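Asker: The file below is protein24.csv, CSV, C-alpha atoms:
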```
chain,number,residue,atom,x,y,z
K,1,MET,CA,15.7,-2.6,-11.2
K,2,SER,CA,17.4,0.1,-9.1
K,3,GLN,CA,15.5,2.7,-7.2
K,4,ASP,CA,16.9,5.4,-9.6
K,5,ALA,CA,15.6,3.6,-12.7
K,6,ALA,CA,12.2,3.1,-11.2
K,7,LEU,CA,9.3,5.3,-12.2
K,8,ILE,CA,8.3,7.7,-9.5
K,9,ARG,CA,4.8,6.2,-9.2
K,10,ASP,CA,6.3,2.7,-8.6
K,11,ALA,CA,8.9,4.1,-6.1
K,12,LEU,CA,6.1,5.9,-4.3
K,13,ALA,CA,4.0,2.8,-4.1
K,14,HIS,CA,6.9,0.9,-2.6
K,15,HIS,CA,7.7,3.8,-0.2
K,16,TYR,CA,4.1,3.9,1.0
K,17,VAL,CA,3.9,0.2,1.6
K,18,ALA,CA,7.3,0.2,3.4
K,19,HIS,CA,6.1,3.0,5.7
K,20,GLY,CA,2.6,1.6,6.3
K,21,LEU,CA,0.9,4.5,4.5
K,22,PRO,CA,-2.1,4.4,2.1
K,23,LEU,CA,-1.3,4.0,-1.6
K,24,ASP,CA,-1.9,7.8,-2.1
K,25,GLY,CA,0.4,8.7,0.8
K,26,GLY,CA,-2.6,9.8,2.8
K,27,ALA,CA,-3.5,12.6,0.3
K,28,SER,CA,-7.2,11.6,0.5
K,29,ASN,CA,-7.4,11.2,4.3
K,30,PRO,CA,-8.9,14.0,6.4
K,31,TRP,CA,-6.3,13.3,9.1
K,32,PHE,CA,-2.6,12.4,9.2
K,33,ASN,CA,-0.3,11.0,11.9
K,34,VAL,CA,3.0,12.3,13.1
K,35,ARG,CA,5.1,9.9,15.0
K,36,ILE,CA,7.5,11.4,17.5
K,37,GLY,CA,9.2,8.4,19.2
K,38,PRO,CA,6.5,6.5,21.0
K,39,LEU,CA,4.0,9.3,20.7
K,40,THR,CA,1.6,9.6,17.7
K,41,LEU,CA,-0.2,12.8,17.0
K,42,ARG,CA,-3.3,12.8,14.9
K,43,LEU,CA,-3.6,16.1,13.0
K,44,PRO,CA,-6.1,17.5,10.5
K,45,ASN,CA,-5.0,17.1,6.9
K,46,PRO,CA,-6.3,20.3,5.1
K,47,PRO,CA,-6.7,20.3,1.3
K,48,ALA,CA,-3.5,22.3,0.7
K,49,ARG,CA,-1.4,19.7,2.6
K,50,ARG,CA,-3.2,16.9,0.7
K,51,ARG,CA,-2.2,18.5,-2.6
K,52,ALA,CA,1.4,18.9,-1.4
K,53,VAL,CA,2.0,15.5,0.1
K,54,VAL,CA,2.9,13.7,-3.2
K,55,MET,CA,5.5,16.4,-4.0
K,56,HIS,CA,6.9,16.2,-0.5
K,57,ASP,CA,7.2,12.4,-0.9
K,58,ILE,CA,8.8,12.7,-4.3
K,59,ASN,CA,11.4,14.9,-2.6
K,60,HIS,CA,12.1,12.1,-0.1
K,61,LEU,CA,12.7,9.8,-3.1
K,62,VAL,CA,15.1,12.1,-5.0
K,63,THR,CA,17.0,13.3,-1.9
K,64,GLY,CA,17.2,10.0,-0.1
K,65,TYR,CA,16.2,11.6,3.2
K,66,ASN,CA,14.3,9.1,5.4
K,67,THR,CA,10.9,9.7,7.1
K,68,THR,CA,12.1,9.4,10.7
K,69,PHE,CA,10.8,12.5,12.4
K,70,SER,CA,14.1,13.5,14.2
K,71,GLU,CA,16.2,12.8,11.1
K,72,GLY,CA,14.8,12.7,7.6
K,73,GLU,CA,11.7,14.9,8.2
K,74,MET,CA,13.8,17.7,9.7
K,75,ALA,CA,16.4,17.3,6.8
K,76,ILE,CA,13.7,17.3,4.1
K,77,ALA,CA,12.1,20.4,5.7
K,78,ALA,CA,15.5,22.2,5.6
K,79,PHE,CA,16.0,21.1,2.0
K,80,GLU,CA,12.6,22.3,0.9
K,81,VAL,CA,13.0,25.7,2.6
K,82,GLY,CA,16.4,26.0,0.9
K,83,ALA,CA,14.9,25.1,-2.5
K,84,GLY,CA,11.7,27.1,-1.8
K,85,CYS,CA,8.2,26.0,-1.1
K,86,GLY,CA,6.5,27.9,-3.9
K,87,ARG,CA,3.1,29.5,-3.1
K,88,LEU,CA,2.0,26.8,-0.7
K,89,ALA,CA,1.6,28.5,2.6
K,90,ILE,CA,1.0,25.3,4.5
K,91,VAL,CA,4.2,23.8,3.2
K,92,TRP,CA,6.1,26.9,4.3
K,93,PHE,CA,4.4,26.7,7.8
K,94,ILE,CA,5.2,23.0,8.3
K,95,ASN,CA,8.8,23.2,6.8
K,96,LEU,CA,9.7,26.3,8.8
K,97,SER,CA,8.4,24.7,12.0
K,98,MET,CA,10.4,21.6,11.3
K,99,LEU,CA,13.5,23.6,10.4
K,100,ALA,CA,13.3,25.3,13.8
K,101,LEU,CA,13.2,21.9,15.5
K,102,GLY,CA,16.1,20.8,13.2
K,103,LEU,CA,18.2,23.7,14.5
K,104,VAL,CA,17.9,22.2,18.0
K,105,VAL,CA,18.0,18.5,17.3
K,106,THR,CA,20.3,18.2,14.2
K,107,PRO,CA,21.7,21.6,13.3
K,108,ARG,CA,24.6,20.4,11.1
K,109,ALA,CA,22.3,18.1,9.1
K,110,ALA,CA,19.7,20.8,8.8
K,111,PHE,CA,22.3,23.3,7.5
K,112,ALA,CA,23.7,20.7,5.0
K,113,ALA,CA,20.2,19.9,3.8
K,114,PHE,CA,19.3,23.6,3.5
K,115,VAL,CA,22.5,24.3,1.4
K,116,ARG,CA,21.7,21.3,-0.8
K,117,GLY,CA,18.2,22.7,-1.3
K,118,ARG,CA,19.7,26.1,-2.3
K,119,ARG,CA,21.5,24.3,-5.1
K,120,SER,CA,18.4,22.5,-6.3
K,121,ALA,CA,15.2,23.6,-8.0
K,122,SER,CA,11.9,23.5,-6.1
K,123,ILE,CA,9.5,20.8,-6.9
K,124,TYR,CA,6.8,23.2,-5.6
K,125,ALA,CA,7.6,25.7,-8.3
K,126,SER,CA,7.9,23.1,-11.1
K,127,ASP,CA,5.7,23.6,-14.1
K,128,ARG,CA,5.2,19.8,-14.2
K,129,ASP,CA,2.1,18.4,-12.4
K,130,THR,CA,2.4,15.4,-10.2
K,131,THR,CA,0.9,13.1,-12.9
K,132,ALA,CA,3.8,14.0,-15.2
K,133,LEU,CA,6.4,13.7,-12.5
K,134,THR,CA,5.2,10.3,-11.4
K,135,ALA,CA,5.6,9.0,-14.9
K,136,MET,CA,9.3,9.9,-14.9
K,137,SER,CA,12.1,7.9,-13.3
K,138,VAL,CA,13.5,8.8,-10.0
K,139,GLU,CA,16.9,9.6,-11.6
K,140,HIS,CA,15.2,11.9,-14.2
K,141,VAL,CA,13.3,13.9,-11.6
K,142,ARG,CA,16.5,14.2,-9.6
K,143,THR,CA,18.2,15.6,-12.7
K,144,ILE,CA,15.3,18.0,-13.4
K,145,LEU,CA,15.4,19.3,-9.9
K,146,ARG,CA,19.2,19.5,-10.0
K,147,VAL,CA,19.5,17.5,-6.7
K,148,ASP,CA,23.2,16.8,-6.2
K,149,SER,CA,24.2,18.6,-9.3
K,150,VAL,CA,26.8,20.8,-7.6
K,151,GLU,CA,28.8,20.1,-4.5
K,152,ALA,CA,29.7,23.6,-3.5
K,153,ARG,CA,30.9,24.9,-0.1
K,154,ALA,CA,28.4,27.0,1.8
K,155,THR,CA,28.6,30.7,1.0
K,156,PHE,CA,28.0,33.7,3.3
K,157,ALA,CA,24.6,34.0,1.6
K,158,ASP,CA,23.7,30.4,2.5
K,159,ARG,CA,24.7,31.1,6.1
K,160,ALA,CA,22.8,34.4,6.3
K,161,LEU,CA,19.6,32.9,4.7
K,162,PHE,CA,19.8,29.8,7.0
K,163,VAL,CA,19.9,32.2,10.1
K,164,PHE,CA,17.0,34.2,8.6
K,165,TRP,CA,14.8,31.2,7.9
K,166,GLY,CA,15.8,29.6,11.2
K,167,VAL,CA,14.7,32.6,13.2
K,168,LEU,CA,11.5,32.9,11.1
K,169,GLY,CA,11.0,29.1,11.7
K,170,ALA,CA,11.3,29.6,15.4
K,171,VAL,CA,8.7,32.4,15.3
K,172,VAL,CA,6.3,30.2,13.2
K,173,LEU,CA,6.8,27.3,15.6
K,174,VAL,CA,6.3,29.2,18.8
K,175,ALA,CA,3.7,31.8,17.8
K,176,PRO,CA,0.7,29.4,17.7
K,177,LEU,CA,1.7,27.9,21.0
K,178,LEU,CA,2.1,31.3,22.6
K,179,ILE,CA,-1.4,32.4,21.3
K,180,VAL,CA,-3.0,29.3,22.9
K,181,VAL,CA,-1.2,29.8,26.2
K,182,LEU,CA,-2.2,33.5,26.3
K,183,ALA,CA,-5.8,32.6,25.4
K,184,LEU,CA,-5.9,30.0,28.2
K,185,TRP,CA,-4.4,32.4,30.6
K,186,ALA,CA,-6.9,35.1,29.8
K,187,LEU,CA,-9.8,32.6,30.1
K,188,LEU,CA,-8.6,31.4,33.5
K,189,ARG,CA,-8.2,35.0,34.7
K,190,ALA,CA,-11.8,35.7,33.5
K,191,LEU,CA,-13.2,32.6,35.2
K,192,LEU,CA,-11.4,32.8,38.5
K,193,PRO,CA,-12.6,35.3,41.1
K,194,GLY,CA,-10.5,38.1,42.2
```
Please lay out the structure from this file as structure tokens.

Answerer:
Amino acid sequence: MSQDAALIRDALAHHYVAHGLPLDGGASNPWFNVRIGPLTLRLPNPPARRRAVVMHDINHLVTGYNTTFSEGEMAIAAFEVGAGCGRLAIVWFINLSMLALGLVVTPRAAFAAFVRGRRSASIYASDRDTTALTAMSVEHVRTILRVDSVEARATFADRALFVFWGVLGAVVLVAPLLIVVLALWALLRALLPG
């Protein structure tokens, strides 16, 4: 059976095994790992991210973007920003941060994925819950989300929105780091004499 004909739940199970992930993709774990080359970061997995992880992984299946940090994760982030992340603030935060990194590491791929997302429907705004989605075939969900439905050239609006979301992504990525640096600097000034 081809990947397209497989049910999402079966394709997800294969995806998770192939990537050494728990069978729920880590949705029940209080922590998740991010691998950046040889470095692995262990980060808290808040409830909002746990709810979104299956939808994110379904997007990997229907788009074909891999899970390599410097390739597929930046592309899927750009795709999801282009399609929209619904009302899930944590998804916006993560995807905008990854989009900002994608602008530096793989700008052409990020732009292409963003435009592809703009032509697609958002899984995060779907009226179908994950149980219903996982009972459908990969091909059927790809059709519902209109992934690859139209190959159109990028428009001025695509370019303008990409710049807007890219700048916002850079702010979202840098702001928390800047806050930590400023707090540490203030703490050091308060602790050091003079």

Asker: Which neighbours of K:Thr155 fall inside 9 Å, counting only C-alpha atoms, when residues of the same chain fewer than 4 positions from it are skipped, and could you give them as a ChimeraX atom specification?

Answerer: /K:115,159-160

Asker: Using only C-alpha atoms and a cutoff of 8 Å, can you tell me which residues are near (-3.7, 9.9, 8.9) in the file's coordinates, and write them out as number ranges by chain?

Answerer: K: 26, 29-33, 42-43, 45

Asker: Report, in Å with one decimal, the straight-line distance from atom CA of K:Glu139 to atom CA of K:Ala52.

Answerer: 20.8 Å

Asker: Can you tell me, as a ChimeraX atom specification, what residues are no more than 6 Å from stretch 80-90 of chain K when counting all atoms listed in the file, ignoring any on the same chain fewer than 4 positions away?

Answerer: /K:114,117-118,120-122,124-125

Asker: Could you check which of K:Phe156, K:Tyr16, K:Trp185, K:Phe111 is closest to K:Ala75, using all atoms listed in the file?

Answerer: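 With all atoms listed in the file as the atom set, the closest residue is K:Phe111.
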
Asker: Return the single residue from K:Val180, K:Ala78, K:Ala27, K:Ala152 that is closest to K:Pro107, with distances computed using all atoms listed in the file.

Answerer: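 Using all atoms listed in the file, the shortest distance to K:Pro107 belongs to K:Ala78.
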
Asker: Using the file's own x, y and z axes, what box holds all listed atoms of stretch 66-74 of chain K with 6 Å on each side, keeping edges along x, y and z, and what are its centre and edge lengths in Å to one decimal, as AutoDock Vina command-line options?

Answerer:
```
--center_x 13.5 --center_y 13.4 --center_z 9.8 --size_x 17.4 --size_y 20.6 --size_z 20.8
```

Asker: Figure out the distance between atom CA of K:Val147 and atom CA of K:Arg116, please, to one decimal in Å.

Answerer: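 Computing it gives 7.4 Å between the two atoms.
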
Asker: Rank nothing, just name the residue among K:Val104, K:Leu182, K:Leu61, K:Ala48 nearest to K:Ala11, using all atoms listed in the file.

Answerer: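 Selected residue with least distance to K:Ala11: K:Leu61.
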
Asker: Please determine, counting only C-alpha atoms, which residue among K:Val171, K:Leu187, K:Ile8, K:Arg142 has the shortest atom-to-atom distance to K:Phe93.

Answerer: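 Nearest to K:Phe93: K:Val171.
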
Asker: Could you tell me how far atom CA of K:Asn66 sits from atom CA of K:Thr131, in Å to one decimal place?

Answerer: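 Distance between the two atoms: 23.0 Å.
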
Asker: Can stretch 160-180 of chain K be brought up to N, CA and C atoms and written out as a compact mmCIF listing (two decimals), keeping the file's coordinate frame?

Answerer:
```txt
# COMPACT_ATOMS: atom_id res chain seq x y z
N ALA K 160 23.68 33.27 5.93
CA ALA K 160 22.80 34.40 6.30
C ALA K 160 21.32 33.94 6.12
N LEU K 161 21.02 33.32 5.00
CA LEU K 161 19.60 32.90 4.70
C LEU K 161 19.22 31.77 5.70
N PHE K 162 20.15 30.90 6.06
CA PHE K 162 19.80 29.80 7.00
C PHE K 162 19.46 30.46 8.38
N VAL K 163 20.22 31.47 8.80
CA VAL K 163 19.90 32.20 10.10
C VAL K 163 18.53 32.84 9.93
N PHE K 164 18.28 33.53 8.83
CA PHE K 164 17.00 34.20 8.60
C PHE K 164 15.85 33.23 8.69
N TRP K 165 15.92 32.14 7.89
CA TRP K 165 14.80 31.20 7.90
C TRP K 165 14.72 30.44 9.20
N GLY K 166 15.84 30.21 9.86
CA GLY K 166 15.80 29.60 11.20
C GLY K 166 15.08 30.41 12.21
N VAL K 167 15.37 31.71 12.23
CA VAL K 167 14.70 32.60 13.20
C VAL K 167 13.20 32.69 12.81
N LEU K 168 12.89 32.85 11.53
CA LEU K 168 11.50 32.90 11.10
C LEU K 168 10.80 31.55 11.48
N GLY K 169 11.50 30.44 11.30
CA GLY K 169 11.00 29.10 11.70
C GLY K 169 10.63 29.06 13.15
N ALA K 170 11.52 29.59 13.99
CA ALA K 170 11.30 29.60 15.40
C ALA K 170 10.02 30.40 15.77
N VAL K 171 9.86 31.53 15.11
CA VAL K 171 8.70 32.40 15.30
C VAL K 171 7.41 31.59 14.87
N VAL K 172 7.49 30.97 13.70
CA VAL K 172 6.30 30.20 13.20
C VAL K 172 5.99 29.05 14.10
N LEU K 173 7.00 28.41 14.68
CA LEU K 173 6.80 27.30 15.60
C LEU K 173 6.18 27.73 16.91
N VAL K 174 6.71 28.81 17.47
CA VAL K 174 6.30 29.20 18.80
C VAL K 174 5.05 30.09 18.83
N ALA K 175 4.82 30.89 17.81
CA ALA K 175 3.70 31.80 17.80
C ALA K 175 2.34 31.15 18.08
N PRO K 176 1.98 30.07 17.39
CA PRO K 176 0.70 29.40 17.70
C PRO K 176 0.59 28.92 19.11
N LEU K 177 1.69 28.37 19.62
CA LEU K 177 1.70 27.90 21.00
C LEU K 177 1.51 29.03 21.98
N LEU K 178 2.17 30.14 21.72
CA LEU K 178 2.10 31.30 22.60
C LEU K 178 0.64 31.87 22.56
N ILE K 179 0.01 31.89 21.41
CA ILE K 179 -1.40 32.40 21.30
C ILE K 179 -2.31 31.50 22.13
N VAL K 180 -2.13 30.19 22.06
CA VAL K 180 -3.00 29.30 22.90
C VAL K 180 -2.75 29.49 24.34
```
